[in-house]
>>> print(open('model-v4.csv').read())   # CSV, C-alpha atoms
chain,number,residue,atom,x,y,z
A,1,MET,CA,75.7,161.1,183.6
A,2,ALA,CA,72.8,161.9,185.9
A,3,SER,CA,72.2,159.4,188.7
A,4,GLN,CA,68.6,158.5,189.5
A,5,ALA,CA,67.5,159.4,193.0
A,6,GLN,CA,67.0,156.3,195.0
A,7,HIS,CA,64.3,157.4,197.5
A,8,PRO,CA,61.1,157.8,195.4
A,9,HIS,CA,59.0,156.7,198.4
A,10,LEU,CA,60.9,157.9,201.4
A,11,PRO,CA,58.2,158.1,204.1
A,12,LEU,CA,57.6,161.5,205.7
A,13,PRO,CA,58.8,161.4,209.3
A,14,ASP,CA,55.9,160.8,211.6
A,15,TYR,CA,57.1,163.7,213.8
A,16,PHE,CA,56.6,166.3,211.0
A,17,SER,CA,54.1,169.0,211.7
A,18,LYS,CA,51.0,169.3,209.5
A,19,PHE,CA,52.3,172.5,207.9
A,20,ALA,CA,55.7,170.9,207.1
A,21,SER,CA,54.0,167.7,205.8
A,22,ASN,CA,51.8,169.8,203.5
A,23,TYR,CA,54.8,171.8,202.3
A,24,VAL,CA,56.8,168.6,201.5
A,25,ARG,CA,53.7,167.0,199.9
A,26,GLN,CA,53.2,170.0,197.6
A,27,THR,CA,56.8,169.6,196.3
A,28,GLY,CA,56.0,166.0,195.5
A,29,ASN,CA,58.6,165.1,198.1
A,30,SER,CA,61.2,166.1,195.5
A,31,THR,CA,63.4,168.3,197.7
A,32,LEU,CA,63.5,165.8,200.5
A,33,ASN,CA,64.1,162.7,198.3
A,34,ILE,CA,66.9,164.3,196.2
A,35,LEU,CA,68.7,165.5,199.3
A,36,ALA,CA,68.3,162.1,201.0
A,37,ASP,CA,69.9,160.5,197.9
A,38,VAL,CA,72.7,163.1,198.0
A,39,ILE,CA,73.4,162.3,201.7
A,40,THR,CA,73.4,158.5,201.2
A,41,GLU,CA,75.2,158.3,197.8
A,42,ASN,CA,77.6,161.3,197.9
A,43,VAL,CA,78.0,162.8,201.4
A,44,GLN,CA,78.4,159.6,203.4
A,45,THR,CA,80.7,158.1,200.8
A,46,SER,CA,82.9,161.2,200.7
A,47,ALA,CA,86.0,162.0,202.8
A,48,HIS,CA,83.7,164.2,204.9
A,49,PRO,CA,80.7,162.1,206.0
A,50,VAL,CA,78.3,163.4,208.7
A,51,ARG,CA,79.3,161.7,212.0
A,52,PRO,CA,78.1,161.8,215.7
A,53,ASP,CA,80.7,164.6,216.4
A,54,SER,CA,79.5,166.7,213.4
A,55,VAL,CA,77.9,170.2,213.7
A,56,VAL,CA,75.5,170.8,210.8
A,57,HIS,CA,73.8,173.9,209.5
A,58,ASP,CA,70.6,173.4,207.5
A,59,THR,CA,70.4,177.0,206.0
A,60,ALA,CA,67.4,178.4,204.3
A,61,ALA,CA,65.9,175.2,205.5
A,62,GLY,CA,62.1,175.8,205.0
A,63,PRO,CA,60.5,173.5,207.6
A,64,GLY,CA,63.7,171.6,208.2
A,65,ILE,CA,64.0,169.5,205.1
A,66,GLY,CA,67.8,169.0,205.5
A,67,ALA,CA,67.4,167.8,209.1
A,68,ALA,CA,64.6,165.5,208.1
A,69,ALA,CA,66.8,164.0,205.3
A,70,LEU,CA,69.6,163.3,207.8
A,71,VAL,CA,67.2,161.6,210.2
A,72,ALA,CA,65.8,159.5,207.3
A,73,CYS,CA,69.2,158.4,206.0
A,74,LEU,CA,71.4,158.0,209.1
A,75,PRO,CA,71.2,155.4,212.0
A,76,LYS,CA,70.3,157.1,215.2
A,77,ASP,CA,73.8,156.7,216.7
A,78,GLN,CA,75.3,158.4,213.6
A,79,LEU,CA,73.2,161.6,213.8
A,80,PRO,CA,75.2,164.9,214.3
A,81,LYS,CA,75.6,166.0,217.9
A,82,GLU,CA,74.4,169.5,217.0
A,83,MET,CA,72.2,171.1,214.3
A,84,LEU,CA,71.2,174.6,213.5
A,85,VAL,CA,68.1,174.9,211.3
A,86,SER,CA,67.6,178.4,210.0
A,87,ASP,CA,65.3,180.2,207.7
A,88,ASN,CA,64.3,183.9,207.2
A,89,VAL,CA,60.6,183.1,207.3
A,90,ALA,CA,59.2,182.9,210.8
A,91,MET,CA,56.4,180.4,209.8
A,92,MET,CA,59.0,178.0,208.4
A,93,VAL,CA,61.2,178.3,211.6
A,94,SER,CA,58.1,177.5,213.7
A,95,ALA,CA,57.2,174.5,211.5
A,96,ALA,CA,60.7,173.2,211.8
A,97,ARG,CA,60.8,173.7,215.6
A,98,GLU,CA,57.4,172.0,216.0
A,99,SER,CA,58.5,169.1,213.8
A,100,LEU,CA,62.0,168.5,215.0
A,101,VAL,CA,61.4,168.7,218.7
A,102,ALA,CA,60.3,165.1,218.7
A,103,SER,CA,63.0,163.9,216.2
A,104,PRO,CA,65.9,161.7,217.3
A,105,LEU,CA,68.5,164.5,216.7
A,106,PRO,CA,70.5,165.0,219.9
A,107,HIS,CA,70.5,168.8,219.8
A,108,VAL,CA,68.7,171.0,217.3
A,109,ASP,CA,68.3,174.7,217.4
A,110,CYS,CA,65.7,176.4,215.1
A,111,LYS,CA,66.4,180.1,214.4
A,112,GLU,CA,65.1,182.9,212.2
A,113,LEU,CA,68.3,183.9,210.3
A,114,ASP,CA,69.1,185.4,206.9
A,115,SER,CA,71.5,183.0,205.0
A,116,GLN,CA,73.0,186.1,203.4
A,117,ASP,CA,74.0,187.6,206.8
A,118,LEU,CA,74.9,185.1,209.5
A,119,SER,CA,76.7,187.6,211.7
A,120,SER,CA,75.4,186.0,214.9
A,121,VAL,CA,77.2,182.8,213.9
A,122,PRO,CA,81.0,182.6,214.6
A,123,ASN,CA,83.7,181.8,212.0
A,124,ASN,CA,84.8,178.2,211.5
A,125,TYR,CA,81.8,176.7,213.4
A,126,PHE,CA,80.1,174.0,211.3
A,127,THR,CA,81.5,170.8,209.9
A,128,HIS,CA,78.7,170.7,207.3
A,129,SER,CA,76.4,173.2,205.7
A,130,ILE,CA,73.3,172.2,203.7
A,131,ASN,CA,71.7,174.7,201.3
A,132,ASN,CA,68.9,172.7,199.7
A,133,PHE,CA,67.1,174.3,196.6
A,134,SER,CA,67.3,177.8,198.0
A,135,ILE,CA,70.3,179.4,196.2
A,136,PHE,CA,68.2,180.8,193.4
A,137,THR,CA,65.8,182.5,195.9
A,138,PHE,CA,68.4,184.8,197.3
A,139,VAL,CA,68.7,188.4,196.3
A,140,ARG,CA,72.5,188.1,196.9
A,141,PRO,CA,73.4,184.4,196.4
A,142,ALA,CA,77.1,185.1,196.5
A,143,ASP,CA,76.7,186.6,200.0
A,144,ALA,CA,74.9,183.4,201.1
A,145,VAL,CA,77.8,181.3,199.8
A,146,ARG,CA,80.4,183.6,201.4
A,147,GLU,CA,78.6,183.2,204.8
A,148,THR,CA,78.6,179.4,204.3
A,149,TYR,CA,82.3,179.5,203.6
A,150,ARG,CA,83.0,181.8,206.6
A,151,THR,CA,81.0,179.7,209.1
A,152,LEU,CA,82.5,176.3,207.9
A,153,ARG,CA,85.5,174.8,209.6
A,154,LEU,CA,88.6,174.1,207.6
A,155,GLY,CA,87.9,170.8,205.9
A,156,GLY,CA,84.2,171.4,206.3
A,157,LEU,CA,81.7,170.3,203.6
A,158,ALA,CA,79.1,172.5,201.9
A,159,VAL,CA,76.2,170.8,200.1
A,160,VAL,CA,74.3,173.1,197.6
A,161,THR,CA,71.5,171.8,195.5
A,162,CYS,CA,69.8,173.7,192.6
A,163,TRP,CA,67.3,172.9,189.9
A,164,ARG,CA,68.3,172.1,186.4
A,165,ARG,CA,64.8,171.3,185.4
A,166,PHE,CA,62.0,172.4,187.8
A,167,ALA,CA,59.1,170.4,186.5
A,168,PRO,CA,56.3,172.5,188.0
A,169,MET,CA,57.4,175.5,186.0
A,170,PHE,CA,57.2,173.5,182.7
A,171,ILE,CA,53.7,172.4,183.7
A,172,VAL,CA,52.6,175.9,184.7
A,173,HIS,CA,53.8,177.2,181.3
A,174,ALA,CA,52.0,174.5,179.4
A,175,ALA,CA,48.8,175.3,181.3
A,176,GLN,CA,49.2,179.0,180.6
A,177,LYS,CA,49.7,178.4,176.9
A,178,LYS,CA,46.4,176.4,176.7
A,179,ILE,CA,44.4,179.3,178.1
A,180,ARG,CA,46.2,182.5,177.1
A,181,PRO,CA,49.1,181.9,174.8
A,182,ASP,CA,49.2,185.6,174.1
A,183,LEU,CA,50.2,186.5,177.7
A,184,PRO,CA,53.8,186.4,179.1
A,185,LEU,CA,54.7,183.1,180.8
A,186,MET,CA,55.2,183.2,184.6
A,187,PRO,CA,58.8,184.1,185.3
A,188,THR,CA,61.1,181.8,187.3
A,189,PRO,CA,63.4,183.2,190.1
A,190,SER,CA,67.0,183.7,189.0
A,191,PRO,CA,66.7,181.6,185.8
A,192,GLU,CA,70.5,181.8,185.2
A,193,PHE,CA,70.9,179.1,187.8
A,194,TYR,CA,69.3,176.5,185.5
A,195,GLU,CA,72.3,177.0,183.2
A,196,GLU,CA,75.2,174.7,183.4
A,197,GLY,CA,78.2,176.2,185.2
A,198,VAL,CA,76.5,179.1,186.9
A,199,LEU,CA,76.2,177.5,190.3
A,200,GLN,CA,79.8,176.5,190.3
A,201,LYS,CA,80.9,179.9,189.2
A,202,VAL,CA,79.1,181.6,192.0
A,203,VAL,CA,80.5,179.2,194.6
A,204,GLU,CA,84.1,179.7,193.2
A,205,GLU,CA,83.8,183.5,193.3
A,206,SER,CA,82.5,183.3,196.9
A,207,GLY,CA,85.6,181.6,198.4
A,208,PHE,CA,85.7,177.9,197.6
A,209,ALA,CA,88.7,176.7,195.5
A,210,LYS,CA,87.8,175.1,192.1
A,211,ASP,CA,89.8,172.0,193.0
A,212,ASN,CA,87.7,171.5,196.1
A,213,ILE,CA,84.4,171.5,194.2
A,214,THR,CA,82.6,168.4,192.9
A,215,MET,CA,79.5,168.6,190.6
A,216,ILE,CA,76.9,165.8,190.4
A,217,ASP,CA,73.6,165.6,188.4
A,218,LYS,CA,70.6,164.0,189.8
A,219,VAL,CA,67.3,163.0,188.3
A,220,LEU,CA,64.1,162.3,190.2
A,221,LEU,CA,61.0,160.9,188.5
A,222,VAL,CA,57.8,161.4,190.6
A,223,ALA,CA,55.5,158.7,189.4
A,224,ASP,CA,53.3,157.7,192.3
A,225,ASP,CA,49.7,159.1,192.5
A,226,GLU,CA,50.1,160.7,196.0
A,227,ASN,CA,53.1,162.9,195.1
A,228,ILE,CA,51.6,163.7,191.6
A,229,ALA,CA,48.4,164.9,193.4
A,230,GLY,CA,50.5,167.0,195.8
A,231,LEU,CA,52.3,168.7,193.0
A,232,THR,CA,49.0,169.2,191.1
A,233,MET,CA,47.5,170.8,194.1
A,234,LEU,CA,50.5,173.2,194.4
A,235,ILE,CA,50.3,174.3,190.7
A,236,SER,CA,46.5,174.6,190.8
A,237,GLY,CA,46.4,176.7,194.0
A,238,PRO,CA,47.0,180.2,195.3
A,239,MET,CA,50.8,179.9,195.4
A,240,ILE,CA,50.8,180.1,191.6
A,241,ILE,CA,48.3,183.0,191.4
A,242,LYS,CA,50.9,185.0,189.3
A,243,ALA,CA,50.5,182.6,186.4
A,244,ARG,CA,46.9,183.8,186.1
A,245,GLU,CA,47.5,187.5,186.0
A,246,GLY,CA,45.3,189.2,183.4
A,247,TYR,CA,42.8,186.3,183.3
A,248,THR,CA,39.0,186.8,183.1
A,249,GLU,CA,36.8,184.9,185.6
A,250,GLU,CA,36.0,182.4,182.8
A,251,GLU,CA,39.7,181.8,182.1
A,252,GLU,CA,40.5,181.5,185.8
A,253,ALA,CA,37.8,178.8,186.0
A,254,ARG,CA,39.6,176.8,183.3
A,255,TRP,CA,42.9,176.8,185.2
A,256,VAL,CA,42.5,173.6,187.3
A,257,GLU,CA,41.5,171.5,184.2
A,258,SER,CA,44.4,173.0,182.2
A,259,VAL,CA,46.9,172.1,184.9
A,260,ARG,CA,45.4,168.6,185.1
A,261,GLN,CA,45.9,168.1,181.4
A,262,SER,CA,49.4,169.6,181.5
A,263,VAL,CA,50.4,167.2,184.3
A,264,LYS,CA,49.0,164.3,182.2
A,265,GLU,CA,51.1,165.3,179.2
A,266,GLU,CA,54.3,165.6,181.4
A,267,VAL,CA,53.6,162.0,182.8
A,268,GLU,CA,53.0,160.7,179.3
A,269,GLN,CA,56.2,162.2,178.0
A,270,PHE,CA,58.5,161.1,180.9
A,271,GLY,CA,56.7,158.3,182.7
A,272,GLY,CA,56.2,160.7,185.7
A,273,ILE,CA,57.0,164.3,186.7
A,274,ARG,CA,60.7,164.7,185.9
A,275,PHE,CA,63.0,166.8,188.1
A,276,GLU,CA,66.6,167.4,187.3
A,277,ALA,CA,69.1,168.9,189.8
A,278,TYR,CA,72.6,170.1,190.1
A,279,VAL,CA,74.4,169.0,193.2
A,280,LEU,CA,77.5,170.8,194.4
A,281,LEU,CA,79.9,169.5,197.1
A,282,ALA,CA,82.5,172.0,198.2
A,283,THR,CA,85.2,171.6,200.8
A,284,LYS,CA,86.8,174.5,202.7
>>> encode(input="model-v4.csv", output="structure tokens")
Amino acid sequence: MASQAQHPHLPLPDYFSKFASNYVRQTGNSTLNILADVITENVQTSAHPVRPDSVVHDTAAGPGIGAAALVACLPKDQLPKEMLVSDNVAMMVSAARESLVASPLPHVDCKELDSQDLSSVPNNYFTHSINNFSIFTFVRPADAVRETYRTLRLGGLAVVTCWRRFAPMFIVHAAQKKIRPDLPLMPTPSPEFYEEGVLQKVVEESGFAKDNITMIDKVLLVADDENIAGLTMLISGPMIIKAREGYTEEEEARWVESVRQSVKEEVEQFGGIRFEAYVLLATK
């Protein structure tokens, strides 16, 4: 049974940079809130909680969402002694650095690294690795998991989150069907990861033993106006330009209203914008 994420109104850290804040707002805080719930409900209650002597890797971190979730969930004296925040996009790394320099984390290093090739990181280094809603963006997801396994210490914990239902894609498709039902729907990256069992299979094939893997389902309902507005802005804007390929100028002009109507229908159906996630915890 899916557990409902407990942090629907987790405040954004006041140290977050403007870019990072906008990034998080446009996801409706979904990636931050689900991970915060995972840390509180699953990681900290496990045999491998994050402690003051932990060394944590927030990999494919965007603007440092994993680090922000740890700061939000843990008392200051329980934060890990060392954190590496890495992403392969320079702008994300800069945003993370700008944001986290003022955070209470004792030592955080922000680096531009490819999760699929962490050759500059030694074996058996981290106590924890967080890969938050990025596994489906990799060209070689198995390589990313293999690198997580290699860089974890024996007994180290990997946390991998992945969408089961990514609400914005449903809203985009509904909006597309209202304007040009004859055109193909916008594709989603690595759609196989939405299917049950695929994430676990990739993780098992990349080094983690089946008996050391736990799967959990999470549900997050985004129902407050501020986060719904952020998600609506994301779907209406230039990031989703691919959804409007082949549109005339007149059809383009109808997009914002079509998105607004599709968001309204999603909220009427579910009582909010409904995200569903797979959460995988794996011990080395």
>>> closest_residue(input="model-v4.csv", among="A:Ile39, A:Ile235, A:Ala68, A:Ile213", to="Ser258 of chain A", atoms="only C-alpha atoms")
A:Ile235
>>> closest_atom_pairs(input="model-v4.csv", of="segment 58-160 of chain A", to="segment 187-207 of chain A", cutoff="8 Å", atoms="all atoms listed in the file", output="Markdown table")
| residue | atom | partner | partner_atom | distance |
| --- | --- | --- | --- | --- |
| A:Phe136 | CA | A:Ser190 | CA | 5.4 |
| A:Thr137 | CA | A:Pro189 | CA | 6.3 |
| A:Pro141 | CA | A:Val202 | CA | 7.7 |
| A:Ala142 | CA | A:Ser206 | CA | 5.7 |
| A:Asp143 | CA | A:Ser206 | CA | 7.4 |
| A:Val145 | CA | A:Ser206 | CA | 5.9 |
| A:Arg146 | CA | A:Ser206 | CA | 5.0 |
| A:Tyr149 | CA | A:Gly207 | CA | 6.5 |
>>> residues_around(input="model-v4.csv", residues="Ile179 of chain A", least_positions_apart="5", cutoff="9 Å", atoms="only C-alpha atoms", output="ChimeraX atom specification")
/A:247,251-252,254-255,258
>>> atom_distance(input="model-v4.csv", atom1="atom CA of Gln176 of chain A", atom2="atom CA of Lys218 of chain A")
27.7 Å
>>> residues_around(input="model-v4.csv", residues="Thr148 of chain A", least_positions_apart="4", cutoff="9 Å", atoms="only C-alpha atoms", output="number ranges by chain")
A: 57, 59, 115-116, 118, 126, 129-131, 143-144, 152, 158
>>> atom_distance(input="model-v4.csv", atom1="atom CA of Lys242 of chain A", atom2="atom CA of Phe170 of chain A")
14.7 Å
>>> decode(input="model-v4.csv", residues="segment 147-256 of chain A", atoms="C-alpha atoms", output="short mmCIF file (atom, residue, chain, number, x, y, z; two decimals), in the first residue's frame")
data_model
loop_
_atom_site.label_atom_id
_atom_site.label_comp_id
_atom_site.auth_asym_id
_atom_site.auth_seq_id
_atom_site.Cartn_x
_atom_site.Cartn_y
_atom_site.Cartn_z
CA GLU A 147 28.89 3.64 -9.82
CA THR A 148 26.62 4.09 -6.80
CA TYR A 149 27.43 0.52 -5.73
CA ARG A 150 31.18 0.95 -6.28
CA THR A 151 31.41 4.21 -4.33
CA LEU A 152 29.31 2.99 -1.38
CA ARG A 153 30.97 1.43 1.65
CA LEU A 154 30.02 -2.09 2.71
CA GLY A 155 26.74 -1.69 4.61
CA GLY A 156 26.14 1.65 2.85
CA LEU A 157 22.61 2.64 1.82
CA ALA A 158 21.47 3.73 -1.65
CA VAL A 159 18.19 5.65 -1.98
CA VAL A 160 16.72 5.72 -5.49
CA THR A 161 13.41 7.42 -6.28
CA CYS A 162 11.54 7.12 -9.56
CA TRP A 163 8.13 8.21 -10.86
CA ARG A 164 5.24 5.78 -11.07
CA ARG A 165 2.81 8.52 -12.07
CA PHE A 166 4.38 11.82 -13.14
CA ALA A 167 1.34 14.09 -13.03
CA PRO A 168 2.63 16.88 -15.33
CA MET A 169 2.93 14.40 -18.22
CA PHE A 170 -0.74 13.40 -17.83
CA ILE A 171 -1.69 17.10 -17.81
CA VAL A 172 0.46 17.82 -20.90
CA HIS A 173 -1.15 14.94 -22.78
CA ALA A 174 -4.65 16.08 -21.80
CA ALA A 175 -3.83 19.61 -23.00
CA GLN A 176 -2.42 18.28 -26.29
CA LYS A 177 -5.55 16.20 -26.95
CA LYS A 178 -7.75 19.30 -26.53
CA ILE A 179 -5.90 21.21 -29.27
CA ARG A 180 -4.45 18.65 -31.71
CA PRO A 181 -5.68 15.13 -30.93
CA ASP A 182 -4.29 14.00 -34.31
CA LEU A 183 -0.64 14.72 -33.36
CA PRO A 184 1.57 12.30 -31.38
CA LEU A 185 1.69 12.91 -27.62
CA MET A 186 4.88 14.28 -26.12
CA PRO A 187 7.16 11.33 -25.29
CA THR A 188 8.37 10.72 -21.75
CA PRO A 189 12.02 9.82 -21.04
CA SER A 190 12.65 6.09 -20.41
CA PRO A 191 8.93 5.22 -19.99
CA GLU A 192 9.85 1.65 -18.97
CA PHE A 193 10.73 2.97 -15.49
CA TYR A 194 7.05 3.71 -14.82
CA GLU A 195 6.41 -0.03 -14.95
CA GLU A 196 6.48 -2.06 -11.75
CA GLY A 197 9.65 -4.07 -11.22
CA VAL A 198 11.85 -2.27 -13.78
CA LEU A 199 13.73 -0.09 -11.26
CA GLN A 200 14.42 -3.07 -8.99
CA LYS A 201 15.60 -5.19 -11.94
CA VAL A 202 18.10 -2.52 -13.06
CA VAL A 203 19.43 -2.14 -9.49
CA GLU A 204 19.78 -5.92 -9.05
CA GLU A 205 21.58 -6.30 -12.37
CA SER A 206 23.99 -3.52 -11.38
CA GLY A 207 25.38 -5.16 -8.25
CA PHE A 208 22.90 -4.95 -5.38
CA ALA A 209 21.66 -8.29 -3.99
CA LYS A 210 17.90 -8.89 -4.18
CA ASP A 211 17.70 -9.64 -0.44
CA ASN A 212 19.20 -6.21 0.34
CA ILE A 213 16.57 -4.26 -1.61
CA THR A 214 13.36 -2.80 -0.18
CA MET A 215 10.65 -1.23 -2.36
CA ILE A 216 8.17 1.35 -1.05
CA ASP A 217 5.38 3.24 -2.85
CA LYS A 218 4.70 6.89 -2.10
CA VAL A 219 1.83 9.18 -3.04
CA LEU A 220 1.96 12.98 -2.92
CA LEU A 221 -1.13 15.08 -3.55
CA VAL A 222 -0.27 18.69 -4.39
CA ALA A 223 -3.39 20.62 -3.43
CA ASP A 224 -2.24 24.11 -2.36
CA ASP A 225 -2.60 27.02 -4.79
CA GLU A 226 1.09 28.06 -4.70
CA ASN A 227 2.45 24.66 -5.78
CA ILE A 228 -0.34 24.13 -8.33
CA ALA A 229 0.58 27.53 -9.81
CA GLY A 230 4.25 26.49 -9.99
CA LEU A 231 3.42 23.28 -11.83
CA THR A 232 1.03 25.11 -14.16
CA MET A 233 3.81 27.59 -14.98
CA LEU A 234 6.20 24.74 -15.81
CA ILE A 235 3.70 23.01 -18.12
CA SER A 236 2.66 26.27 -19.81
CA GLY A 237 6.20 27.49 -20.44
CA PRO A 238 9.22 26.94 -22.70
CA MET A 239 10.43 23.74 -20.99
CA ILE A 240 7.48 21.90 -22.54
CA ILE A 241 7.89 23.43 -26.04
CA LYS A 242 8.14 19.91 -27.52
CA ALA A 243 4.47 19.35 -26.68
CA ARG A 244 3.56 22.07 -29.19
CA GLU A 245 5.57 20.81 -32.16
CA GLY A 246 3.58 21.20 -35.38
CA TYR A 247 1.21 23.80 -33.90
CA THR A 248 0.06 26.87 -35.82
CA GLU A 249 0.33 30.28 -34.16
CA GLU A 250 -3.37 30.16 -33.34
CA GLU A 251 -3.02 26.71 -31.73
CA GLU A 252 0.04 27.88 -29.74
CA ALA A 253 -2.05 30.75 -28.40
CA ARG A 254 -4.57 28.25 -26.98
CA TRP A 255 -1.94 26.28 -25.03
CA VAL A 256 -2.00 28.19 -21.73
#
